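Trainee: So I've got this file, my_file.csv, and it contains CSV, C-alpha atoms:
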chain,number,residue,atom,x,y,z
A,29,MET,CA,115.7,42.2,82.1
A,30,ALA,CA,116.9,38.8,83.5
A,31,ARG,CA,115.1,37.4,86.5
A,32,ARG,CA,116.8,35.5,89.2
A,33,THR,CA,115.3,32.6,91.0
A,34,SER,CA,117.2,32.0,94.3
A,35,ARG,CA,117.2,29.0,96.5
A,36,GLY,CA,118.0,31.3,99.5
A,37,LEU,CA,115.9,32.2,102.4
A,38,ILE,CA,114.9,35.6,101.0
A,39,ALA,CA,113.9,36.5,97.5
A,40,ALA,CA,111.8,39.1,95.6
A,41,ALA,CA,108.3,38.2,94.6
A,42,THR,CA,109.2,38.7,91.0
A,43,THR,CA,111.7,35.9,90.8
A,44,THR,CA,111.2,32.9,88.5
A,45,ALA,CA,110.6,29.2,89.0
A,46,ALA,CA,112.1,25.9,90.1
A,47,LEU,CA,112.1,22.0,89.8
A,48,PHE,CA,113.8,18.6,89.9
A,49,ALA,CA,115.0,15.2,88.9
A,50,LEU,CA,117.5,12.3,89.0
A,51,ALA,CA,118.8,9.1,87.7
A,52,GLY,CA,121.4,7.1,89.4
A,53,PRO,CA,125.1,6.5,89.7
A,54,VAL,CA,126.6,3.3,88.7
A,55,SER,CA,129.2,2.8,91.3
A,56,ALA,CA,129.9,4.0,94.8
A,57,LEU,CA,132.4,3.4,97.4
A,58,PRO,CA,130.5,0.6,97.8
A,59,SER,CA,130.4,-0.1,94.1
A,60,VAL,CA,127.2,-0.7,92.0
A,61,ALA,CA,127.6,-3.1,89.1
A,62,GLY,CA,127.1,-1.9,85.6
A,63,THR,CA,128.9,-3.2,82.5
A,64,ALA,CA,128.3,-0.1,80.3
A,65,SER,CA,129.6,2.2,82.9
A,66,ALA,CA,133.0,0.6,83.1
A,67,VAL,CA,134.4,2.7,80.3
A,68,LEU,CA,132.9,6.0,81.6
A,69,PRO,CA,134.8,8.4,83.9
A,70,GLN,CA,134.1,7.5,87.5
A,71,ALA,CA,133.7,10.7,89.6
A,72,ARG,CA,133.9,11.1,93.3
A,73,LEU,CA,130.9,13.0,94.7
A,74,PHE,CA,128.6,13.3,97.6
A,75,MET,CA,125.7,10.8,98.0
A,76,VAL,CA,123.1,13.7,97.8
A,77,ASN,CA,124.7,15.5,100.7
A,78,PRO,CA,126.9,14.5,103.7
A,79,VAL,CA,124.3,15.3,106.4
A,80,GLN,CA,121.7,13.2,104.7
A,81,SER,CA,123.9,10.2,104.1
A,82,SER,CA,125.5,10.2,107.5
A,83,GLY,CA,122.8,11.6,109.7
A,84,ASP,CA,125.4,13.6,111.5
A,85,GLN,CA,123.8,17.0,112.3
A,86,THR,CA,127.1,18.3,113.8
A,87,LEU,CA,128.9,18.5,110.5
A,88,VAL,CA,130.1,22.0,109.7
A,89,ASP,CA,131.8,23.5,106.6
A,90,GLY,CA,135.1,24.2,108.2
A,91,LYS,CA,136.1,26.5,105.4
A,92,ASP,CA,136.1,23.7,102.8
A,93,SER,CA,138.2,21.5,105.1
A,94,ALA,CA,138.7,18.0,103.8
A,95,GLY,CA,138.5,16.7,107.3
A,96,ALA,CA,135.1,18.3,108.0
A,97,VAL,CA,133.3,15.6,106.1
A,98,PRO,CA,133.9,11.8,106.5
A,99,ALA,CA,135.2,9.8,103.6
A,100,SER,CA,132.1,7.7,103.9
A,101,ALA,CA,130.0,10.6,102.6
A,102,TYR,CA,131.6,10.2,99.1
A,103,ALA,CA,130.7,7.7,96.3
A,104,LEU,CA,132.1,6.9,92.9
A,105,ALA,CA,129.6,7.3,90.0
A,106,ALA,CA,129.8,7.4,86.3
A,107,LEU,CA,129.7,10.7,84.4
A,108,ARG,CA,127.3,9.9,81.5
A,109,ASN,CA,126.4,11.6,78.3
A,110,LEU,CA,129.7,13.4,77.9
A,111,ASP,CA,130.3,14.8,74.5
A,112,GLY,CA,133.9,13.7,74.0
A,113,SER,CA,135.4,17.2,74.3
A,114,GLY,CA,137.4,16.2,77.3
A,115,SER,CA,135.6,18.6,79.6
A,116,LEU,CA,132.5,18.6,81.7
A,117,SER,CA,130.3,19.1,78.7
A,118,GLY,CA,127.6,16.8,77.5
A,119,LYS,CA,124.1,16.1,76.1
A,120,TRP,CA,122.3,17.5,79.1
A,121,ALA,CA,124.7,19.8,81.0
A,122,TYR,CA,128.0,21.7,80.6
A,123,VAL,CA,130.0,23.7,83.1
A,124,ARG,CA,130.3,27.0,81.3
A,125,SER,CA,132.6,28.9,83.7
A,126,GLU,CA,134.1,28.1,87.0
A,127,THR,CA,136.3,29.3,89.9
A,128,GLY,CA,139.7,27.8,89.5
A,129,ALA,CA,141.0,25.5,86.7
A,130,SER,CA,138.6,23.3,84.8
A,131,ALA,CA,138.1,19.8,86.0
A,132,LYS,CA,140.1,17.1,84.2
A,133,LEU,CA,138.2,14.0,83.4
A,134,ALA,CA,141.3,11.9,84.3
A,135,ASP,CA,141.1,13.3,87.8
A,136,VAL,CA,137.4,13.3,88.6
A,137,GLY,CA,137.7,10.3,90.8
A,138,ALA,CA,140.2,12.0,93.1
A,139,TYR,CA,138.7,15.5,93.7
A,140,GLY,CA,137.3,16.3,97.1
A,141,ARG,CA,135.5,19.3,98.6
A,142,THR,CA,138.8,21.3,99.1
A,143,ASP,CA,139.1,21.4,95.3
A,144,ASP,CA,137.1,23.9,93.2
A,145,GLN,CA,136.8,21.1,90.6
A,146,PHE,CA,134.7,19.0,93.0
A,147,GLU,CA,131.8,21.4,92.7
A,148,GLN,CA,132.1,21.4,88.9
A,149,VAL,CA,131.8,17.6,88.9
A,150,MET,CA,128.9,17.7,91.3
A,151,ALA,CA,127.0,20.2,89.1
A,152,TYR,CA,127.6,18.2,85.9
A,153,PHE,CA,126.6,14.9,87.5
A,154,TRP,CA,123.4,16.0,89.2
A,155,VAL,CA,122.1,18.2,86.4
A,156,ASN,CA,122.6,15.2,84.1
A,157,GLU,CA,120.9,13.0,86.6
A,158,ALA,CA,117.9,15.3,86.8
A,159,GLN,CA,117.3,15.3,83.1
A,160,GLU,CA,117.8,11.5,82.9
A,161,TYR,CA,115.1,11.2,85.5
A,162,LEU,CA,112.7,13.3,83.4
A,163,GLN,CA,113.6,11.3,80.4
A,164,GLY,CA,112.8,8.1,82.3
A,165,LEU,CA,109.3,9.5,83.1
A,166,GLY,CA,108.7,9.9,79.3
A,167,PHE,CA,109.5,13.5,78.9
A,168,GLY,CA,111.2,13.9,75.5
A,169,SER,CA,109.7,10.7,74.1
A,170,GLU,CA,106.0,10.1,74.7
A,171,LEU,CA,105.6,13.4,76.5
A,172,PRO,CA,107.0,16.8,75.5
A,173,GLY,CA,110.6,17.4,76.4
A,174,ALA,CA,111.2,19.4,79.6
A,175,ASN,CA,114.4,21.3,79.3
A,176,ASP,CA,115.9,18.5,77.2
A,177,ARG,CA,119.0,20.5,76.1
A,178,ALA,CA,122.5,21.0,77.4
A,179,GLN,CA,122.0,23.2,80.5
A,180,PRO,CA,124.8,25.8,81.0
A,181,VAL,CA,126.1,26.0,84.6
A,182,ARG,CA,128.5,28.5,86.2
A,183,ILE,CA,130.2,27.5,89.5
A,184,ASN,CA,130.9,30.1,92.2
A,185,GLN,CA,130.4,33.0,89.9
A,186,TYR,CA,128.1,34.7,92.3
A,187,GLY,CA,130.1,35.8,95.4
A,188,ALA,CA,127.6,35.1,98.1
A,189,ASP,CA,125.8,32.2,99.7
A,190,ASN,CA,123.1,32.2,97.1
A,191,SER,CA,122.3,30.5,93.8
A,192,PHE,CA,119.9,31.2,91.0
A,193,PHE,CA,118.6,30.5,87.5
A,194,THR,CA,118.6,33.5,85.2
A,195,ASP,CA,116.5,33.5,82.1
A,196,LYS,CA,118.7,36.1,80.3
A,197,LYS,CA,121.1,33.3,79.3
A,198,ALA,CA,119.0,30.4,80.6
A,199,GLU,CA,121.8,29.4,82.9
A,200,ILE,CA,122.2,28.3,86.5
A,201,ARG,CA,124.8,30.0,88.7
A,202,PHE,CA,125.9,28.5,92.0
A,203,GLY,CA,127.2,30.6,94.8
A,204,LYS,CA,129.6,30.2,97.7
A,205,GLY,CA,129.8,31.1,101.3
A,206,GLY,CA,129.3,28.7,104.2
A,207,VAL,CA,128.8,25.4,102.5
A,208,ASP,CA,129.4,26.1,98.8
A,209,ASP,CA,126.0,25.5,97.1
A,210,ALA,CA,127.1,23.0,94.5
A,211,GLU,CA,128.3,20.7,97.3
A,212,ASP,CA,124.6,19.8,98.0
A,213,ALA,CA,122.8,17.9,95.3
A,214,GLU,CA,119.4,19.1,96.5
A,215,VAL,CA,120.5,22.7,95.8
A,216,ILE,CA,121.7,21.8,92.4
A,217,VAL,CA,118.5,20.0,91.5
A,218,HIS,CA,116.3,22.8,93.0
A,219,GLU,CA,117.9,25.3,90.6
A,220,TYR,CA,117.6,22.9,87.7
A,221,GLY,CA,113.9,22.8,88.5
A,222,HIS,CA,113.7,26.6,87.8
A,223,ALA,CA,115.4,25.9,84.4
A,224,VAL,CA,112.8,23.2,83.7
A,225,HIS,CA,109.9,25.5,84.5
A,226,ASN,CA,111.3,28.3,82.4
A,227,ALA,CA,111.7,25.9,79.5
A,228,GLN,CA,108.1,24.8,79.8
A,229,VAL,CA,106.7,28.3,80.3
A,230,PRO,CA,109.2,31.0,79.3
A,231,GLY,CA,109.3,33.7,81.9
A,232,PHE,CA,107.5,31.6,84.5
A,233,GLY,CA,107.1,33.2,87.9
A,234,THR,CA,106.0,36.8,87.3
A,235,SER,CA,103.4,36.8,90.1
A,236,PRO,CA,104.0,36.1,93.8
A,237,GLU,CA,101.9,32.8,93.6
A,238,ALA,CA,103.7,31.7,90.5
A,239,GLY,CA,107.0,32.4,92.1
A,240,ALA,CA,106.0,30.3,95.1
A,241,ILE,CA,104.9,27.5,92.8
A,242,GLY,CA,108.4,27.6,91.2
A,243,GLU,CA,110.2,27.4,94.5
A,244,ALA,CA,107.9,24.6,95.6
A,245,PHE,CA,108.6,22.6,92.4
A,246,GLY,CA,112.3,23.0,92.8
A,247,ASP,CA,112.2,21.7,96.4
A,248,TYR,CA,110.0,18.8,95.5
A,249,LEU,CA,112.1,17.8,92.5
A,250,ALA,CA,115.2,18.0,94.7
A,251,VAL,CA,113.7,15.6,97.2
A,252,GLU,CA,112.4,13.3,94.5
A,253,VAL,CA,115.7,13.0,92.7
A,254,GLY,CA,117.6,12.3,95.9
A,255,ASP,CA,115.1,9.7,97.0
A,256,HIS,CA,115.3,8.0,93.6
A,257,ALA,CA,119.1,7.8,93.8
A,258,ASP,CA,119.1,6.5,97.3
A,259,ALA,CA,116.6,3.7,96.5
A,260,ALA,CA,118.1,2.8,93.1
A,261,TYR,CA,121.7,2.6,94.3
A,262,GLY,CA,121.5,1.6,97.9
A,263,TRP,CA,122.8,4.9,99.2
A,264,PRO,CA,122.0,5.6,102.9
A,265,ARG,CA,119.4,8.2,103.9
A,266,LYS,CA,119.7,9.0,107.6
A,267,THR,CA,117.6,12.1,107.7
A,268,ASP,CA,113.9,12.4,106.9
A,269,LEU,CA,112.7,12.7,103.4
A,270,GLY,CA,110.8,16.0,103.7
A,271,CYS,CA,113.9,18.0,104.6
A,272,VAL,CA,115.5,20.0,101.7
A,273,ALA,CA,119.3,20.8,101.6
A,274,ASP,CA,120.4,19.4,104.9
A,275,TRP,CA,124.0,20.1,104.2
A,276,ASP,CA,123.8,23.6,102.6
A,277,SER,CA,121.6,24.8,105.4
A,278,SER,CA,124.0,23.7,108.2
A,279,SER,CA,125.6,27.1,108.0
A,280,TYR,CA,122.5,29.0,108.8
A,281,SER,CA,119.9,26.8,110.5
A,282,THR,CA,119.7,24.9,113.8
A,283,ALA,CA,119.8,21.2,114.0
A,284,PRO,CA,118.1,19.2,112.5
A,285,HIS,CA,119.2,21.3,109.5
A,286,CYS,CA,116.7,22.1,106.7
A,287,LEU,CA,116.5,24.8,104.2
A,288,ARG,CA,112.8,24.2,103.8
A,289,ARG,CA,110.4,21.2,104.1
A,290,VAL,CA,108.0,19.7,101.6
A,291,ASP,CA,105.9,18.0,104.3
A,292,GLY,CA,104.8,20.9,106.4
A,293,ASN,CA,101.3,21.9,107.4
A,294,LYS,CA,100.9,25.3,105.8
A,295,VAL,CA,97.6,26.2,104.1
A,296,TYR,CA,96.6,29.0,101.7
A,297,ALA,CA,95.7,31.3,104.5
A,298,ASP,CA,99.3,31.1,105.8
A,299,ARG,CA,100.7,33.0,102.9
A,300,VAL,CA,103.1,35.8,103.9
A,301,GLY,CA,104.0,37.1,100.4
A,302,GLU,CA,107.5,35.6,100.3
A,303,VAL,CA,107.9,33.0,97.6
A,304,HIS,CA,110.1,30.5,99.4
A,305,ALA,CA,107.9,30.5,102.5
A,306,ASP,CA,104.7,30.4,100.5
A,307,GLY,CA,106.1,27.6,98.3
A,308,GLU,CA,105.8,25.2,101.3
A,309,ILE,CA,102.1,25.3,100.7
A,310,TRP,CA,102.4,24.0,97.2
A,311,SER,CA,105.2,21.6,97.8
A,312,ARG,CA,103.2,19.9,100.5
A,313,ALA,CA,100.4,19.4,98.0
A,314,LEU,CA,102.9,17.8,95.5
A,315,PHE,CA,104.3,15.6,98.3
A,316,ASP,CA,100.7,14.4,99.1
A,317,ILE,CA,100.0,13.6,95.4
A,318,ARG,CA,103.2,11.5,95.5
A,319,GLY,CA,102.0,9.8,98.6
A,320,ALA,CA,98.6,9.0,97.0
A,321,LEU,CA,99.7,7.9,93.5
A,322,GLY,CA,103.4,6.9,93.9
A,323,ALA,CA,106.4,8.8,92.6
A,324,ARG,CA,106.3,7.9,88.9
A,325,THR,CA,102.6,8.6,88.3
A,326,ALA,CA,102.6,11.7,90.5
A,327,ASP,CA,105.7,13.2,88.7
A,328,ARG,CA,104.4,12.5,85.3
A,329,ILE,CA,101.2,14.4,86.2
A,330,ILE,CA,103.0,17.2,88.0
A,331,VAL,CA,105.5,18.0,85.3
A,332,ASN,CA,103.2,17.5,82.4
A,333,ALA,CA,100.6,19.9,84.0
A,334,GLN,CA,103.2,22.7,84.1
A,335,PHE,CA,103.1,23.0,80.3
A,336,GLY,CA,99.6,24.4,80.8
A,337,PHE,CA,100.6,27.0,83.4
A,338,ARG,CA,100.7,30.8,82.7
A,339,ALA,CA,103.8,32.7,83.6
A,340,ASP,CA,101.8,34.5,86.3
A,341,THR,CA,99.5,31.6,87.2
A,342,SER,CA,97.7,31.6,90.6
A,343,PHE,CA,97.6,28.6,93.0
A,344,GLN,CA,93.9,28.1,92.0
A,345,ASP,CA,94.5,28.0,88.3
A,346,ALA,CA,97.6,25.8,88.6
A,347,ALA,CA,95.8,23.4,90.8
A,348,LEU,CA,92.8,23.2,88.4
A,349,THR,CA,95.2,22.5,85.5
A,350,THR,CA,97.0,19.8,87.5
A,351,ILE,CA,93.7,18.1,88.3
A,352,ALA,CA,92.6,18.2,84.7
A,353,THR,CA,96.0,16.8,83.6
A,354,ALA,CA,95.6,13.9,86.1
A,355,GLN,CA,92.1,13.2,84.7
A,356,ARG,CA,93.3,13.2,81.1
A,357,MET,CA,96.3,11.0,81.8
A,358,TYR,CA,95.0,8.5,84.4
A,359,GLY,CA,91.3,9.0,84.9
A,360,LYS,CA,89.0,9.9,87.8
A,361,GLY,CA,90.8,8.2,90.6
A,362,ALA,CA,94.0,10.1,89.9
A,363,ALA,CA,92.2,13.3,89.5
A,364,ASP,CA,90.3,12.8,92.8
A,365,ALA,CA,93.7,12.2,94.6
A,366,VAL,CA,95.2,15.4,93.1
A,367,ARG,CA,92.1,17.4,94.0
A,368,ALA,CA,92.2,16.1,97.6
A,369,ALA,CA,95.8,17.2,98.0
A,370,PHE,CA,95.1,20.7,96.9
A,371,LYS,CA,91.9,20.9,98.9
A,372,ALA,CA,93.8,19.9,102.0
A,373,ARG,CA,95.9,23.0,101.5
A,374,GLN,CA,92.7,25.0,101.4
A,375,ILE,CA,93.4,26.5,97.9
A,376,PRO,CA,90.4,28.6,96.8
A,377,GLY,CA,88.1,27.1,94.3
A,378,ILE,CA,89.1,23.5,94.8
A,379,GLU,CA,86.1,21.4,95.9
Can the structure from this file be put into structure tokens for me?
Mentor:
Amino acid sequence: MARRTSRGLIAAATTTAALFALAGPVSALPSVAGTASAVLPQARLFMVNPVQSSGDQTLVDGKDSAGAVPASAYALAALRNLDGSGSLSGKWAYVRSETGASAKLADVGAYGRTDDQFEQVMAYFWVNEAQEYLQGLGFGSELPGANDRAQPVRINQYGADNSFFTDKKAEIRFGKGGVDDAEDAEVIVHEYGHAVHNAQVPGFGTSPEAGAIGEAFGDYLAVEVGDHADAAYGWPRKTDLGCVADWDSSSYSTAPHCLRRVDGNKVYADRVGEVHADGEIWSRALFDIRGALGARTADRIIVNAQFGFRADTSFQDAALTTIATAQRMYGKGAADAVRAAFKARQIPGIE
């Protein structure tokens, strides 16, 4: 039976897992120089998401209206790793099925949010970016590959404001309703995080705490990938880093809009038995590890540790595995920093 891992506000405790990543675009509306990118299709897309890049908390979906989002929210960026088939298919991602006609590579620089093809382009670009980010951390070379395959994606195949990864076909499906989910890069990367977790540990997320860890990793990865892009390519960030999916959540949250946060103050005793809510405990620990060790070192530890998780892992066991991974990779100082982050969340057995 296929499990679904949703980025939504409500999900069953049996759902599976999540994570992130990103590399960067080569040109934007300001343009970023890059000689190799000149021959690649230049796609029009959102700089993470429109709320984040503009800081405008009053933006609303407007039923996919072009005028609902300013032109300044878009950038041009190269579509890398395409396989030459003429479609959105490549080394790390392919759009398997979609609402409306398939995107044409000749037109990817012209699509906007009123076009079904815009979400196809967003999904291809950001899934590819996520895997490129992981490759840049050493996964697939000096470290084991983490979902280093062509990830199948379906756009708007699920007729509700929800998205999920399903392990039946190991594919990601993006929903619609309110802001269409694939308009927000952090939603895209969150779901990719679930695919990464499942590739590392098949069937990951069979217990409530493992499910929460999966949701947390997806949120954390989404934030990391977006932050990496902003820093690398000079994209503006006008909302705070700890907020996840500012644009997608504009349809169902009050301003300032956030789906969830990775910098909250929840501790283990605050668990409520709902994987998304409880994931904010784990994501804060990951965010603190990042703060202590820097993004690259933290992410190498965090992702590498996940190979040692069980499908039904507990917070305690996953924390101990992550501490041991830090010790093995970087020594006592790193292990102490990781331990401190989990201890601050009051996870049992972490001293």
Trainee: For a quick check of understanding, using all atoms listed in the file, which of A:Val217, A:Cys286, A:Ala339, A:Val136 has the smallest distance to Gln148 (chain A)?
Mentor: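 So, comparing all the options, the nearest one is A:Val136.
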Trainee: Pick the closest to Phe146 (chain A) from A:Gly166, A:Ala347, A:Ala71, A:Glu160: which is it, counting only C-alpha atoms?
Mentor: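 Under the stated criterion, the closest residue is A:Ala71.
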Trainee: When distances are computed from all atoms listed in the file, which of A:Gly307, A:Pro180, A:Gly128, A:Gly206 shows the smallest separation from Thr194 (chain A)?
Mentor: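 Under the stated criterion, the closest residue is A:Pro180.
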Trainee: Leaving out region 320-334 of chain A and any residue of its chain fewer than 5 positions from it, which residues lie within 7 Å of it when counting all atoms listed in the file, given as a PyMOL selection string?
Mentor: chain A and resi 165+228+349-350+353-354+365
Trainee: Which residue gives the smallest distance to Asn293 (chain A) among A:Lys266, A:Lys132, A:His222, A:Arg373, with all atoms listed in the file counted?
Mentor: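 Among A:Lys266, A:Lys132, A:His222, A:Arg373, it is A:Arg373 that comes nearest to Asn293 (chain A).
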Trainee: Taking (121.6, 26.1, 110.5) in the coordinates of the supplied file, I want to know which residues reach to within 12 Å of it, counting all atoms listed in the file; could you give the answer as a PyMOL selection string?
Mentor: chain A and resi 37+79+85-89+206-207+273-288
Trainee: Please save C-alpha atoms of the selected residues as a PDB file, in the frame of the given file.
Mentor:
ATOM      1  CA  LEU A  37     115.900  32.200 102.400  1.00  0.00           C
ATOM      2  CA  VAL A  79     124.300  15.300 106.400  1.00  0.00           C
ATOM      3  CA  GLN A  85     123.800  17.000 112.300  1.00  0.00           C
ATOM      4  CA  THR A  86     127.100  18.300 113.800  1.00  0.00           C
ATOM      5  CA  LEU A  87     128.900  18.500 110.500  1.00  0.00           C
ATOM      6  CA  VAL A  88     130.100  22.000 109.700  1.00  0.00           C
ATOM      7  CA  ASP A  89     131.800  23.500 106.600  1.00  0.00           C
ATOM      8  CA  GLY A 206     129.300  28.700 104.200  1.00  0.00           C
ATOM      9  CA  VAL A 207     128.800  25.400 102.500  1.00  0.00           C
ATOM     10  CA  ALA A 273     119.300  20.800 101.600  1.00  0.00           C
ATOM     11  CA  ASP A 274     120.400  19.400 104.900  1.00  0.00           C
ATOM     12  CA  TRP A 275     124.000  20.100 104.200  1.00  0.00           C
ATOM     13  CA  ASP A 276     123.800  23.600 102.600  1.00  0.00           C
ATOM     14  CA  SER A 277     121.600  24.800 105.400  1.00  0.00           C
ATOM     15  CA  SER A 278     124.000  23.700 108.200  1.00  0.00           C
ATOM     16  CA  SER A 279     125.600  27.100 108.000  1.00  0.00           C
ATOM     17  CA  TYR A 280     122.500  29.000 108.800  1.00  0.00           C
ATOM     18  CA  SER A 281     119.900  26.800 110.500  1.00  0.00           C
ATOM     19  CA  THR A 282     119.700  24.900 113.800  1.00  0.00           C
ATOM     20  CA  ALA A 283     119.800  21.200 114.000  1.00  0.00           C
ATOM     21  CA  PRO A 284     118.100  19.200 112.500  1.00  0.00           C
ATOM     22  CA  HIS A 285     119.200  21.300 109.500  1.00  0.00           C
ATOM     23  CA  CYS A 286     116.700  22.100 106.700  1.00  0.00           C
ATOM     24  CA  LEU A 287     116.500  24.800 104.200  1.00  0.00           C
ATOM     25  CA  ARG A 288     112.800  24.200 103.800  1.00  0.00           C
TER      26      ARG A 288
END
Trainee: Give as a PyMOL selection string each residue that has an atom at most 9 Å from (102.6, 25.9, 105.2) in the file, counting all atoms listed in the file.
Mentor: chain A and resi 290-299+305-312+373
Trainee: What lies within 10 Å of Gln163 (chain A) using all atoms listed in the file, ignoring chain neighbours under 2 positions off, as a ChimeraX atom specification?
Mentor: /A:49-51,157-161,165-174,176
Trainee: Between CA of Gln70 (chain A) and CA of Asp84 (chain A), what distance in Å does the model show, to one decimal?
Mentor: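 The value is 26.2 Å.
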